[in-house]
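Shown next, in structure tokens, is the structure this report addresses.
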Amino acid sequence: MGELKKAGQIWKEFEDYLAPLLGMKPGERSVYSYLVRHTRLEGRRGVVVGMAALARGVGLGYAAARWHLFRLARKGCVQVRPYRHAQAIEVFLPEEVIREIRVRDWERLQRDTVRVSKNRVLRAAILRRERGRCFYCQQRLVEGKIWFDHVVPLARGGSPEEKNVVACCRTCNRWKGTGGAEAFLRELCKARGISKEQLQKRLAAIREILRGKLRLRRAA
């Protein structure tokens, strides 16, 4: 039970903090999670593995696996050394990676990466920005049934900052899932959930939000 709890904590730190903090792409997430499962969760600090075997393990091509592995190395998540015809890879846990970030860099990252889920004032401001309506289907939102969705999902390298978050209803949140907002809006339009005119306005709003140009409205 203790090992299960430890694994859950590692994954929480990875998904909630490390991956968003470092802007990990899907391929980097896959490689890192595979390496953690086959090293630290088995009580080892590292593994010797051939690049072809690593690529098969994560379901990527040889070049893609190699590319993402060395991106992780540049971000301080792993250390890679040649070993005969393979790679000796030392894997660092999320808390170890974060601990090595310089204090000044950490303060900047914390300031720039405000997690909406932890900030009531920010959630209220986002709701005011959407004028109390679901960003996607434009239905009036009911208190207690308001969800906050990432326009670019965290699983696809999206940021947890407010400029990547919109307020929406439960139905749209579940329907969109881990897909992108633009693709979801087009599906919604095809299903006649919104008009073509609304689709174009919503797509334009997404571009403004992601650029940080659609400012949050202060409380009156």
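We label chains A, B, ... in the order they appear in the structure tokens, count residues from 1 in each chain, and number ligands from 1 in the order shown.
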
Checklist entry - Which of segment 11-127 of chain A counts as helix (DSSP H, G or I) under DSSP, as a PyMOL selection string please? => result chain A and resi 11-22+26-37+40-42+51-58+62-74+94-100+103-112+116-118+120-127

Only C-alpha atoms, please: the residues just picked out, written as a PDB file, in the first residue's frame.
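Output contents, as saved in part-v2.pdb:
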```pdb
ATOM      1  CA  TRP A  11       2.334  10.789 -10.825  1.00  0.00           C
ATOM      2  CA  LYS A  12       0.497  13.689  -9.204  1.00  0.00           C
ATOM      3  CA  GLU A  13       3.708  15.729  -9.053  1.00  0.00           C
ATOM      4  CA  PHE A  14       4.439  14.819 -12.680  1.00  0.00           C
ATOM      5  CA  GLU A  15       1.009  15.634 -14.123  1.00  0.00           C
ATOM      6  CA  ASP A  16       0.137  18.624 -11.928  1.00  0.00           C
ATOM      7  CA  TYR A  17       3.496  20.362 -11.651  1.00  0.00           C
ATOM      8  CA  LEU A  18       6.481  19.085 -13.619  1.00  0.00           C
ATOM      9  CA  ALA A  19       4.927  18.503 -17.057  1.00  0.00           C
ATOM     10  CA  PRO A  20       3.056  21.855 -17.193  1.00  0.00           C
ATOM     11  CA  LEU A  21       6.011  23.683 -15.643  1.00  0.00           C
ATOM     12  CA  LEU A  22       8.438  22.434 -18.305  1.00  0.00           C
ATOM     13  CA  PRO A  26       3.059  14.413 -25.573  1.00  0.00           C
ATOM     14  CA  GLY A  27       6.146  12.535 -26.775  1.00  0.00           C
ATOM     15  CA  GLU A  28       8.232  13.778 -23.852  1.00  0.00           C
ATOM     16  CA  ARG A  29       5.490  12.748 -21.435  1.00  0.00           C
ATOM     17  CA  SER A  30       5.369   9.255 -22.939  1.00  0.00           C
ATOM     18  CA  VAL A  31       9.132   8.738 -22.771  1.00  0.00           C
ATOM     19  CA  TYR A  32       9.424  10.134 -19.248  1.00  0.00           C
ATOM     20  CA  SER A  33       6.516   8.109 -17.844  1.00  0.00           C
ATOM     21  CA  TYR A  34       7.874   4.930 -19.486  1.00  0.00           C
ATOM     22  CA  LEU A  35      11.313   5.495 -17.973  1.00  0.00           C
ATOM     23  CA  VAL A  36       9.925   6.267 -14.511  1.00  0.00           C
ATOM     24  CA  ARG A  37       7.820   3.092 -14.565  1.00  0.00           C
ATOM     25  CA  ARG A  40      12.207   4.534 -10.058  1.00  0.00           C
ATOM     26  CA  LEU A  41       8.973   2.619  -9.506  1.00  0.00           C
ATOM     27  CA  GLU A  42      11.054  -0.579  -9.539  1.00  0.00           C
ATOM     28  CA  MET A  51      17.117   3.317 -28.577  1.00  0.00           C
ATOM     29  CA  ALA A  52      15.147   0.855 -30.721  1.00  0.00           C
ATOM     30  CA  ALA A  53      13.836  -0.902 -27.601  1.00  0.00           C
ATOM     31  CA  LEU A  54      12.896   2.437 -26.028  1.00  0.00           C
ATOM     32  CA  ALA A  55      11.049   3.461 -29.189  1.00  0.00           C
ATOM     33  CA  ARG A  56       9.060   0.211 -29.177  1.00  0.00           C
ATOM     34  CA  GLY A  57       8.274   0.609 -25.494  1.00  0.00           C
ATOM     35  CA  VAL A  58       6.754   4.066 -25.896  1.00  0.00           C
ATOM     36  CA  TYR A  62      13.260   5.624 -33.530  1.00  0.00           C
ATOM     37  CA  ALA A  63      13.974   9.263 -34.430  1.00  0.00           C
ATOM     38  CA  ALA A  64      11.026  10.594 -32.408  1.00  0.00           C
ATOM     39  CA  ALA A  65      11.972   8.612 -29.296  1.00  0.00           C
ATOM     40  CA  ARG A  66      15.574   9.815 -29.539  1.00  0.00           C
ATOM     41  CA  TRP A  67      14.455  13.423 -30.055  1.00  0.00           C
ATOM     42  CA  HIS A  68      12.157  13.420 -27.011  1.00  0.00           C
ATOM     43  CA  LEU A  69      14.719  11.628 -24.834  1.00  0.00           C
ATOM     44  CA  PHE A  70      17.345  14.298 -25.425  1.00  0.00           C
ATOM     45  CA  ARG A  71      14.775  17.069 -24.924  1.00  0.00           C
ATOM     46  CA  LEU A  72      14.138  15.550 -21.495  1.00  0.00           C
ATOM     47  CA  ALA A  73      17.878  15.524 -20.878  1.00  0.00           C
ATOM     48  CA  ARG A  74      18.119  19.239 -21.715  1.00  0.00           C
ATOM     49  CA  PRO A  94       9.631  15.315 -10.416  1.00  0.00           C
ATOM     50  CA  GLU A  95      10.624  16.586  -6.960  1.00  0.00           C
ATOM     51  CA  GLU A  96      14.308  16.082  -7.820  1.00  0.00           C
ATOM     52  CA  VAL A  97      13.994  18.001 -11.088  1.00  0.00           C
ATOM     53  CA  ILE A  98      12.134  20.862  -9.420  1.00  0.00           C
ATOM     54  CA  ARG A  99      14.678  20.986  -6.578  1.00  0.00           C
ATOM     55  CA  GLU A 100      17.477  21.648  -9.083  1.00  0.00           C
ATOM     56  CA  VAL A 103      15.509  29.868  -6.893  1.00  0.00           C
ATOM     57  CA  ARG A 104      15.270  32.842  -9.234  1.00  0.00           C
ATOM     58  CA  ASP A 105      14.020  30.663 -12.104  1.00  0.00           C
ATOM     59  CA  TRP A 106      11.574  28.904  -9.788  1.00  0.00           C
ATOM     60  CA  GLU A 107      10.073  32.203  -8.591  1.00  0.00           C
ATOM     61  CA  ARG A 108       9.634  33.331 -12.189  1.00  0.00           C
ATOM     62  CA  LEU A 109       8.039  30.032 -13.205  1.00  0.00           C
ATOM     63  CA  GLN A 110       5.701  30.121 -10.215  1.00  0.00           C
ATOM     64  CA  ARG A 111       4.699  33.695 -11.065  1.00  0.00           C
ATOM     65  CA  ASP A 112       4.147  32.937 -14.744  1.00  0.00           C
ATOM     66  CA  VAL A 116      -6.413  28.336 -12.072  1.00  0.00           C
ATOM     67  CA  SER A 117      -7.690  25.371 -10.057  1.00  0.00           C
ATOM     68  CA  LYS A 118      -5.966  26.792  -6.948  1.00  0.00           C
ATOM     69  CA  ARG A 120     -10.692  31.409  -6.595  1.00  0.00           C
ATOM     70  CA  VAL A 121     -10.189  35.017  -7.658  1.00  0.00           C
ATOM     71  CA  LEU A 122      -8.814  33.875 -11.022  1.00  0.00           C
ATOM     72  CA  ARG A 123     -11.714  31.457 -11.554  1.00  0.00           C
ATOM     73  CA  ALA A 124     -14.204  34.254 -10.835  1.00  0.00           C
ATOM     74  CA  ALA A 125     -12.397  36.560 -13.272  1.00  0.00           C
ATOM     75  CA  ILE A 126     -12.499  33.925 -16.021  1.00  0.00           C
ATOM     76  CA  LEU A 127     -16.227  33.446 -15.433  1.00  0.00           C
TER      77      LEU A 127
END
```

Test item: residues at most 12 Å from Pro82 of chain A, only C-alpha atoms, excluding those fewer than 4 positions along its chain, as a JSON list (two decimals) with C-alpha atoms, in the first residue's frame:
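Writing done, so here's result-v2.json:
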```json
[["chain", "number", "residue", "atom", "x", "y", "z"],
["A", 47, "VAL", "CA", 18.34, 1.68, -16.93],
["A", 48, "VAL", "CA", 20.51, 0.62, -19.85],
["A", 49, "VAL", "CA", 18.37, 0.40, -22.96],
["A", 50, "GLY", "CA", 18.84, 0.52, -26.70],
["A", 51, "MET", "CA", 17.12, 3.32, -28.58],
["A", 86, "ALA", "CA", 22.88, 1.36, -25.91],
["A", 87, "GLN", "CA", 22.17, 4.31, -23.63],
["A", 88, "ALA", "CA", 22.63, 4.43, -19.86],
["A", 89, "ILE", "CA", 19.75, 6.62, -18.66],
["A", 90, "GLU", "CA", 19.50, 7.98, -15.13]]
```

Checklist entry - Could you pull the residues within 8 Å of segment 165-178 of chain A, counting only C-alpha atoms, minus those fewer than 5 positions along the same chain, as a list in words? => result Val116, Ile126, Leu127, Glu130, Arg133, Cys134, Phe135, Tyr136, Cys137, Gln139, Leu141, Lys145, Ile146, Trp147, Phe148, Asp149, His150, Val151, Pro153, Ala155, Pro160 and Phe184 of chain A

How would the residues just chosen look if you wrote them out with N, CA and C atoms as an mmCIF file, in the first residue's frame?
```cif
data_model
loop_
_atom_site.group_PDB
_atom_site.id
_atom_site.type_symbol
_atom_site.label_atom_id
_atom_site.label_comp_id
_atom_site.auth_asym_id
_atom_site.auth_seq_id
_atom_site.Cartn_x
_atom_site.Cartn_y
_atom_site.Cartn_z
ATOM 1 N N VAL A 116 -5.059 27.832 -12.244
ATOM 2 C CA VAL A 116 -6.413 28.336 -12.072
ATOM 3 C C VAL A 116 -7.172 27.547 -11.019
ATOM 4 N N ILE A 126 -12.279 34.637 -14.756
ATOM 5 C CA ILE A 126 -12.499 33.925 -16.021
ATOM 6 C C ILE A 126 -13.994 33.811 -16.301
ATOM 7 N N LEU A 127 -14.774 33.544 -15.269
ATOM 8 C CA LEU A 127 -16.227 33.446 -15.433
ATOM 9 C C LEU A 127 -16.814 34.784 -15.881
ATOM 10 N N GLU A 130 -16.203 35.337 -19.537
ATOM 11 C CA GLU A 130 -17.133 34.600 -20.397
ATOM 12 C C GLU A 130 -18.573 35.099 -20.224
ATOM 13 N N ARG A 133 -21.373 32.581 -19.265
ATOM 14 C CA ARG A 133 -21.839 31.572 -20.225
ATOM 15 C C ARG A 133 -20.737 30.575 -20.547
ATOM 16 N N CYS A 134 -21.140 29.369 -20.981
ATOM 17 C CA CYS A 134 -20.179 28.370 -21.421
ATOM 18 C C CYS A 134 -19.429 28.916 -22.631
ATOM 19 N N PHE A 135 -18.114 28.874 -22.588
ATOM 20 C CA PHE A 135 -17.326 29.402 -23.700
ATOM 21 C C PHE A 135 -17.652 28.703 -25.007
ATOM 22 N N TYR A 136 -18.006 27.426 -24.951
ATOM 23 C CA TYR A 136 -18.219 26.643 -26.169
ATOM 24 C C TYR A 136 -19.647 26.733 -26.702
ATOM 25 N N CYS A 137 -20.630 26.314 -25.910
ATOM 26 C CA CYS A 137 -22.009 26.269 -26.418
ATOM 27 C C CYS A 137 -22.802 27.525 -26.115
ATOM 28 N N GLN A 139 -24.316 28.435 -23.479
ATOM 29 C CA GLN A 139 -25.449 28.303 -22.561
ATOM 30 C C GLN A 139 -25.108 28.983 -21.237
ATOM 31 N N LEU A 141 -24.368 29.488 -17.537
ATOM 32 C CA LEU A 141 -23.796 28.576 -16.547
ATOM 33 C C LEU A 141 -24.519 28.714 -15.209
ATOM 34 N N LYS A 145 -22.239 24.145 -11.132
ATOM 35 C CA LYS A 145 -22.086 23.288 -12.304
ATOM 36 C C LYS A 145 -21.209 23.962 -13.342
ATOM 37 N N ILE A 146 -20.163 24.610 -12.863
ATOM 38 C CA ILE A 146 -19.230 25.333 -13.726
ATOM 39 C C ILE A 146 -17.905 24.590 -13.760
ATOM 40 N N TRP A 147 -17.401 24.368 -14.949
ATOM 41 C CA TRP A 147 -16.135 23.667 -15.133
ATOM 42 C C TRP A 147 -15.139 24.605 -15.794
ATOM 43 N N PHE A 148 -13.853 24.349 -15.544
ATOM 44 C CA PHE A 148 -12.799 25.150 -16.160
ATOM 45 C C PHE A 148 -11.945 24.241 -17.028
ATOM 46 N N ASP A 149 -11.892 24.574 -18.310
ATOM 47 C CA ASP A 149 -11.280 23.685 -19.299
ATOM 48 C C ASP A 149 -10.047 24.327 -19.924
ATOM 49 N N HIS A 150 -9.031 23.492 -20.197
ATOM 50 C CA HIS A 150 -7.827 23.974 -20.879
ATOM 51 C C HIS A 150 -8.060 23.958 -22.388
ATOM 52 N N VAL A 151 -7.912 25.110 -23.015
ATOM 53 C CA VAL A 151 -8.085 25.223 -24.465
ATOM 54 C C VAL A 151 -7.135 24.262 -25.173
ATOM 55 N N PRO A 153 -5.069 21.178 -24.146
ATOM 56 C CA PRO A 153 -4.977 20.281 -22.989
ATOM 57 C C PRO A 153 -3.562 20.166 -22.428
ATOM 58 N N ALA A 155 -2.239 17.589 -21.414
ATOM 59 C CA ALA A 155 -1.669 16.367 -21.983
ATOM 60 C C ALA A 155 -1.007 16.609 -23.325
ATOM 61 N N PRO A 160 -1.053 25.733 -17.808
ATOM 62 C CA PRO A 160 -2.107 25.842 -16.806
ATOM 63 C C PRO A 160 -2.471 27.292 -16.497
ATOM 64 N N PHE A 184 -13.042 20.725 -31.284
ATOM 65 C CA PHE A 184 -14.301 20.499 -30.578
ATOM 66 C C PHE A 184 -15.378 21.471 -31.049
#
```

Next on the checklist: If DSSP is run on the backbone, what residues of segment 49-197 of chain A are strand (DSSP E or B)? A reply as a list of chain:residue names would be ideal.
Outcome noted: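 Selection result, strand (DSSP E or B) within segment 49-197 of chain A: A:Val49, A:Val78, A:Gln79, A:Val80, A:Arg81, A:Pro82, A:Tyr83, A:Ala86, A:Gln87, A:Ala88, A:Ile89, A:Glu90, A:Val91, A:Arg133, A:Arg140, A:Trp147, A:Phe148, A:Asp149, A:His150, A:Val165, A:Val166, A:Ala167, A:Cys168.
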
Let me see the file: selected residues, C-alpha atoms, as a compact mmCIF listing (two decimals), in the first residue's frame.
```txt
# COMPACT_ATOMS: atom_id res chain seq x y z
CA VAL A 49 18.37 0.40 -22.96
CA VAL A 78 17.11 12.48 -17.26
CA GLN A 79 20.85 12.06 -17.76
CA VAL A 80 21.94 10.10 -20.82
CA ARG A 81 25.35 8.49 -21.36
CA PRO A 82 26.46 6.16 -24.19
CA TYR A 83 27.02 2.58 -23.00
CA ALA A 86 22.88 1.36 -25.91
CA GLN A 87 22.17 4.31 -23.63
CA ALA A 88 22.63 4.43 -19.86
CA ILE A 89 19.75 6.62 -18.66
CA GLU A 90 19.50 7.98 -15.13
CA VAL A 91 15.97 9.12 -14.32
CA ARG A 133 -21.84 31.57 -20.23
CA ARG A 140 -25.92 30.16 -19.29
CA TRP A 147 -16.14 23.67 -15.13
CA PHE A 148 -12.80 25.15 -16.16
CA ASP A 149 -11.28 23.68 -19.30
CA HIS A 150 -7.83 23.97 -20.88
CA VAL A 165 -8.39 28.33 -19.50
CA VAL A 166 -12.07 28.98 -20.22
CA ALA A 167 -15.27 28.44 -18.23
CA CYS A 168 -17.67 25.88 -19.63
```

Checklist entry - Counting only C-alpha atoms, what is within 9 Å of Gln198 of chain A, bar same-chain residues fewer than 5 positions away, as a ChimeraX atom specification? => result /A:137-138,189,203

Pull N, CA and C atoms from the residues just selected and write them as a PDB file, in the first residue's frame.
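The resulting file, again.pdb, is shown below:
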```pdb
ATOM      1  N   CYS A 137     -20.630  26.314 -25.910  1.00  0.00           N
ATOM      2  CA  CYS A 137     -22.009  26.269 -26.418  1.00  0.00           C
ATOM      3  C   CYS A 137     -22.802  27.525 -26.115  1.00  0.00           C
ATOM      4  N   GLN A 138     -22.251  28.436 -25.292  1.00  0.00           N
ATOM      5  CA  GLN A 138     -22.860  29.718 -24.964  1.00  0.00           C
ATOM      6  C   GLN A 138     -24.114  29.609 -24.093  1.00  0.00           C
ATOM      7  N   CYS A 189     -20.387  22.638 -33.983  1.00  0.00           N
ATOM      8  CA  CYS A 189     -21.096  23.314 -35.076  1.00  0.00           C
ATOM      9  C   CYS A 189     -21.771  22.297 -35.998  1.00  0.00           C
ATOM     10  N   LEU A 203     -13.763  30.822 -32.475  1.00  0.00           N
ATOM     11  CA  LEU A 203     -12.404  30.569 -32.955  1.00  0.00           C
ATOM     12  C   LEU A 203     -11.539  31.819 -32.816  1.00  0.00           C
TER      13      LEU A 203
END
```

Next on the checklist: To one decimal place in Å, what is the distance between atom CA of Ala205 of chain A and atom CA of Glu161 of chain A?
Outcome noted: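 Here the two named atoms are 16.3 Å from each other.
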